[in-house]
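J.: Just dropping this structure here.
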Amino acid sequence: MKTFARTMLAIVGGYVGTSAIIAALAGIAVAAGGMERSEAATLTSMLGFVIYLAVIIWSFADPALLRVALGLGAVSGLSYAVVLLLARAPV
Amino acid sequence: MNWLHTWSGVVLGSLLFAIFWMGTLSVFDKEIDRWMMPATRLAMPAAFSYETMRPAYLAGVAAKAPAVLLLVPNERNPVVTALWRNADGSFTQRLFDPSTGAELPDQGTLAASRFIYPFHYTLNLKMFGVGYWIVGLCGMMMMALCVSGVVIHRKIFADFFTFRPERKVGRATLDLHNVAGVLGLPFHVVISLSGLVILFAIYFPSSIWAVYGKDARLFGREAYGSYARPPAKQAADLISFDAIVARAKASWGQGEPNYLYVFNPGDATVYVQANRASEDVVGNISAVAYIDGVSGDLLAASKPEKPAAVVQRFIAGLHFIQFRHWTLRWLYFGLGLAGCVLIATGLLFWVESRRERHRRLGRSGAGIVEAVTVASVTGILIATCCYMISNRVLPLGVTVLGLDRIAIEIIVFHLAWLATLLHAWVAGRKAWAGQCMVVAVLAASAVLLNALTTGDHLLKAVAHRHSWPVAGIDAMLLLTAVVAALVARRLAGERPPERAAREARA
């Protein structure tokens, strides 16, 4: 059961969290860094694979599963808030 | 880490092997195409005229295709290929002689370009794009396996020099797993990452959504400078292909196109997307030009690439190997095979180290994994050989029970694969030696059948430059036959572990 939770957290949670993080990074790169939209999307999308890999490794390496879940949840939530904020802000 | 390495390896190892095997074959996809489509074993004309592509274009106009993709012939693929999508969603491919423009007889096969190559990145599961996602997950796990593998092997450099083939199979298996893993580590990481990066817009679209909001389609226009216009429903003729290519080359300078994509064929709004061949660069898209098919004007052209796009195309190009470099192509092939060895020996080691214990405890785990492993390793080799043999045995235009030649070949592949799984389940440990012997016989018969049905036997194929691809595939098949026969002999001579243990006690 714990193994199943860990695997799900790594694969599904990791994917959702990574998606939120790269979306926030792309938004910040455009809004604050003045990067072109296509460039920001391409760059952060590619970074997504590295971030996802790091999250997968972390979820399997850390003995405290709850710490991973909370950490990942906090970063994803924060990233999603940034995405929502940027979407509302007039460009 | 150990746990992650063991279990993701066992669960996804079989799929990873299939992906690596098909990818390794795809390194020589055009050469396998020549082998499986004998009518296309042609020599390129000394001077190719783009106007030779007109019959191919007109075939698309006659079929009322909304767009016709015309592949420019080259040394590896010496045919003019016309490809379009029909109203019912199916695809039609027609082949034409690069010297005369005359249509070649239908070869009735998906060969490598349309079966083995798409299998590599979609497993040919098209429904809801599920194949892309399974392969993507395998790619991510391959990278996780590489990282956890390095963590497990703290003696990584010692392992590099440790291979004890004279020891019993179990020890040699682990050594081979370590050698293949360490030697090929940079390749395995780069090939998995680059495979994922090719499809970044499918796997991680959230950053595109974040910056484009509702008009995500704009991304294609901004990132690739793509162009489109709707048809006007008025007939018009296309200007000369040589003029179109000359205009495209004026836009990008040196270099020939590798394809011409004609949109709205036969219409007054016809326009051609010309793509510069990337034979001399690593990046997979080097330049694109959109030419008006009636006036010959340049409608749009790719702008100089920006840094992130350059990086993405370079990484994608590393995976696509469309550059002309035979040494590197063989190196990719060799490293791809090393990847196959790595995955197969990893699975084998899992089975070897549990077989005895599982039998004692009455568990079926090792037995199931062993059957699946046999079917995914020697089984896919057998299925591939059967696919190639059926290609040489079936006459052109044959139909069986309403199935055309293309469908029969694919059914043969899958039935053969299924048969290897059943055999592995029944035969248990002995299946390895048995299936290796079958691989040896099948690979040798494929060479024989090629000689009998096309007359291009190895000696004759070697003598002509344009049939070297055929000679190369025959040579690889013969090598496969020899290696498989040797492995089968070695495995048949191996004493089963329980008997060896009993003898040691006695």
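Each chain of the structure tokens is named A, B, ... in the order shown, its residues numbered from 1; ligands are numbered from 1 in display order.
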Give me, as a PDB file with C-alpha atoms, in the first residue's frame, the contact residues of chain B against chain A at a cut-off of 7 Å, counting only C-alpha atoms.

T.:
```pdb
ATOM      1  CA  MET B   1      17.411   3.385  -4.948  1.00  0.00           C
ATOM      2  CA  LEU B   4      13.488   1.681  -7.567  1.00  0.00           C
ATOM      3  CA  MET B 140      11.380   8.878 -17.938  1.00  0.00           C
ATOM      4  CA  ALA B 144      15.513   7.166 -13.444  1.00  0.00           C
ATOM      5  CA  VAL B 197      12.506  16.512 -25.827  1.00  0.00           C
ATOM      6  CA  PHE B 200       8.043  18.360 -25.463  1.00  0.00           C
ATOM      7  CA  PHE B 204       4.664  19.197 -21.095  1.00  0.00           C
ATOM      8  CA  SER B 206       1.364  23.431 -19.508  1.00  0.00           C
ATOM      9  CA  SER B 207       4.055  26.053 -20.119  1.00  0.00           C
ATOM     10  CA  ILE B 208       2.598  26.731 -23.583  1.00  0.00           C
ATOM     11  CA  ALA B 210       0.498  29.377 -19.360  1.00  0.00           C
ATOM     12  CA  VAL B 211       1.953  31.946 -21.766  1.00  0.00           C
ATOM     13  CA  PHE B 219       2.795  28.765 -30.468  1.00  0.00           C
ATOM     14  CA  GLU B 222       5.597  31.929 -33.422  1.00  0.00           C
ATOM     15  CA  ALA B 223       7.988  29.040 -32.741  1.00  0.00           C
ATOM     16  CA  ALA B 308      15.836  27.845 -26.817  1.00  0.00           C
ATOM     17  CA  ALA B 309      14.521  26.703 -30.198  1.00  0.00           C
TER      18      ALA B 309
END
```

J.: Check the DSSP output for the backbone and give back, as a PyMOL selection string, the residues of chain A in alpha helix (DSSP H).

T.: chain A and resi 2-8+14-31+37-61+65-88

J.: Nearest to Tyr57 (chain B) among B:Leu104, B:Ile244, B:Val262, B:Leu176, with distances taken over only C-alpha atoms: which residue is it?

T.: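 Counting only C-alpha atoms, the residue closest to Tyr57 (chain B) is B:Val262.
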
J.: List the neighbours of Gly13 (chain A) out to 9 Å using only C-alpha atoms; skip same-chain residues closer than 5 positions along the sequence, and give me the result as a list in words.

T.: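 Listing them by chain and then by number gives Met8, Thr18, Val55, Ala69, Leu72 and Gly73 of chain A.
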
J.: Put those residues in a file: N, CA, C and O atoms, as a short mmCIF file (atom, residue, chain, number, x, y, z; two decimals), in the first residue's frame.

T.:
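Saved result, result35.cif, follows:
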```
data_model
loop_
_atom_site.label_atom_id
_atom_site.label_comp_id
_atom_site.auth_asym_id
_atom_site.auth_seq_id
_atom_site.Cartn_x
_atom_site.Cartn_y
_atom_site.Cartn_z
N MET A 8 2.59 6.26 -7.01
CA MET A 8 1.61 7.21 -7.53
C MET A 8 2.09 8.64 -7.31
O MET A 8 1.99 9.50 -8.19
N THR A 18 5.29 19.06 -11.66
CA THR A 18 6.21 19.58 -12.67
C THR A 18 5.47 20.51 -13.64
O THR A 18 5.96 21.58 -14.00
N VAL A 55 12.05 14.97 -9.22
CA VAL A 55 10.94 14.68 -8.30
C VAL A 55 10.77 13.17 -8.14
O VAL A 55 10.57 12.67 -7.02
N ALA A 69 5.38 14.49 -0.07
CA ALA A 69 4.04 14.90 -0.48
C ALA A 69 3.78 16.35 -0.11
O ALA A 69 3.28 17.13 -0.94
N LEU A 72 6.15 18.72 -2.24
CA LEU A 72 5.71 18.80 -3.63
C LEU A 72 4.40 19.57 -3.72
O LEU A 72 4.21 20.41 -4.61
N GLY A 73 3.48 19.28 -2.76
CA GLY A 73 2.20 19.96 -2.76
C GLY A 73 2.36 21.47 -2.58
O GLY A 73 1.73 22.26 -3.29
#
```

J.: Excluding Tyr203 (chain B) and residues on its chain fewer than 5 positions from it, collect all residues at most 8 Å away from it, counting only C-alpha atoms, and give them as a PDB file with N, CA, C and O atoms, in the first residue's frame.

T.:
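Contents of part.pdb, as written:
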```
ATOM      1  N   TRP B 133       2.230   8.227 -24.576  1.00  0.00           N
ATOM      2  CA  TRP B 133       2.351   8.396 -23.132  1.00  0.00           C
ATOM      3  C   TRP B 133       3.043   7.205 -22.486  1.00  0.00           C
ATOM      4  O   TRP B 133       3.833   7.373 -21.560  1.00  0.00           O
ATOM      5  N   GLY B 136       6.601   7.612 -23.370  1.00  0.00           N
ATOM      6  CA  GLY B 136       7.141   8.729 -22.602  1.00  0.00           C
ATOM      7  C   GLY B 136       7.461   8.318 -21.169  1.00  0.00           C
ATOM      8  O   GLY B 136       8.523   8.648 -20.635  1.00  0.00           O
ATOM      9  N   LEU B 196      12.444  12.304 -25.438  1.00  0.00           N
ATOM     10  CA  LEU B 196      11.361  13.029 -24.774  1.00  0.00           C
ATOM     11  C   LEU B 196      11.290  14.471 -25.265  1.00  0.00           C
ATOM     12  O   LEU B 196      10.211  15.009 -25.507  1.00  0.00           O
TER      13      LEU B 196
END
```

J.: Using only C-alpha atoms, which of B:Met53, B:Leu185, B:Cys340, B:Leu331 sits nearest Cys146 (chain B)?

T.: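 Closest to Cys146 (chain B) of all the choices is B:Leu185.
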
J.: Determine, counting only C-alpha atoms, which protein, DNA and RNA residues have an atom within 10 Å of an atom of Asn450 (chain B); residues of the same chain fewer than 2 positions away are not included. Present the result as an MDAnalysis selection string.

T.: chainID B and resid 35:36 38 388:389 391:393 445:448 452:458 470 474

J.: Take the residues from that selection and write them out as an mmCIF file, in the first residue's frame, keeping C-alpha atoms.

T.:
```
data_model
loop_
_atom_site.group_PDB
_atom_site.id
_atom_site.type_symbol
_atom_site.label_atom_id
_atom_site.label_comp_id
_atom_site.auth_asym_id
_atom_site.auth_seq_id
_atom_site.Cartn_x
_atom_site.Cartn_y
_atom_site.Cartn_z
ATOM 1 C CA TRP B 35 15.148 -4.757 -48.435
ATOM 2 C CA MET B 36 11.371 -5.006 -47.969
ATOM 3 C CA PRO B 38 12.519 -4.577 -53.875
ATOM 4 C CA MET B 388 10.610 -9.836 -42.921
ATOM 5 C CA ILE B 389 10.111 -13.424 -44.098
ATOM 6 C CA ASN B 391 7.396 -9.830 -46.757
ATOM 7 C CA ARG B 392 9.503 -12.038 -49.042
ATOM 8 C CA VAL B 393 7.016 -14.922 -49.235
ATOM 9 C CA SER B 445 16.115 -18.119 -44.190
ATOM 10 C CA ALA B 446 15.314 -14.428 -44.626
ATOM 11 C CA VAL B 447 18.645 -13.987 -46.413
ATOM 12 C CA LEU B 448 17.972 -17.060 -48.550
ATOM 13 C CA LEU B 452 15.495 -16.430 -54.230
ATOM 14 C CA THR B 453 12.685 -13.886 -54.679
ATOM 15 C CA THR B 454 14.665 -10.843 -55.822
ATOM 16 C CA GLY B 455 17.925 -12.316 -57.159
ATOM 17 C CA ASP B 456 19.915 -9.770 -55.107
ATOM 18 C CA HIS B 457 22.100 -12.262 -53.248
ATOM 19 C CA LEU B 458 24.898 -10.937 -51.086
ATOM 20 C CA VAL B 470 20.339 -4.676 -49.204
ATOM 21 C CA ASP B 474 21.596 -9.421 -45.442
#
```

J.: Which of these, B:Arg114, B:Lys30, B:Arg41, B:Arg329, has the shortest distance to Ile406 (chain B) once you count only C-alpha atoms?

T.: B:Arg114

J.: I'd like the contact shell of Gly23 (chain B) - 12 Å cut-off, only C-alpha atoms, skipping same-chain residues fewer than 3 positions apart - returned as number ranges by chain.

T.: B: 16-20, 26-29, 112-113, 115-123, 135, 191-192, 195, 319-321, 332-337, 339-340

J.: How many Å separate CA of Thr378 (chain B) from CA of Asp404 (chain B)?

T.: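 Separating CA of Thr378 (chain B) from CA of Asp404 (chain B) is a distance of 27.7 Å.
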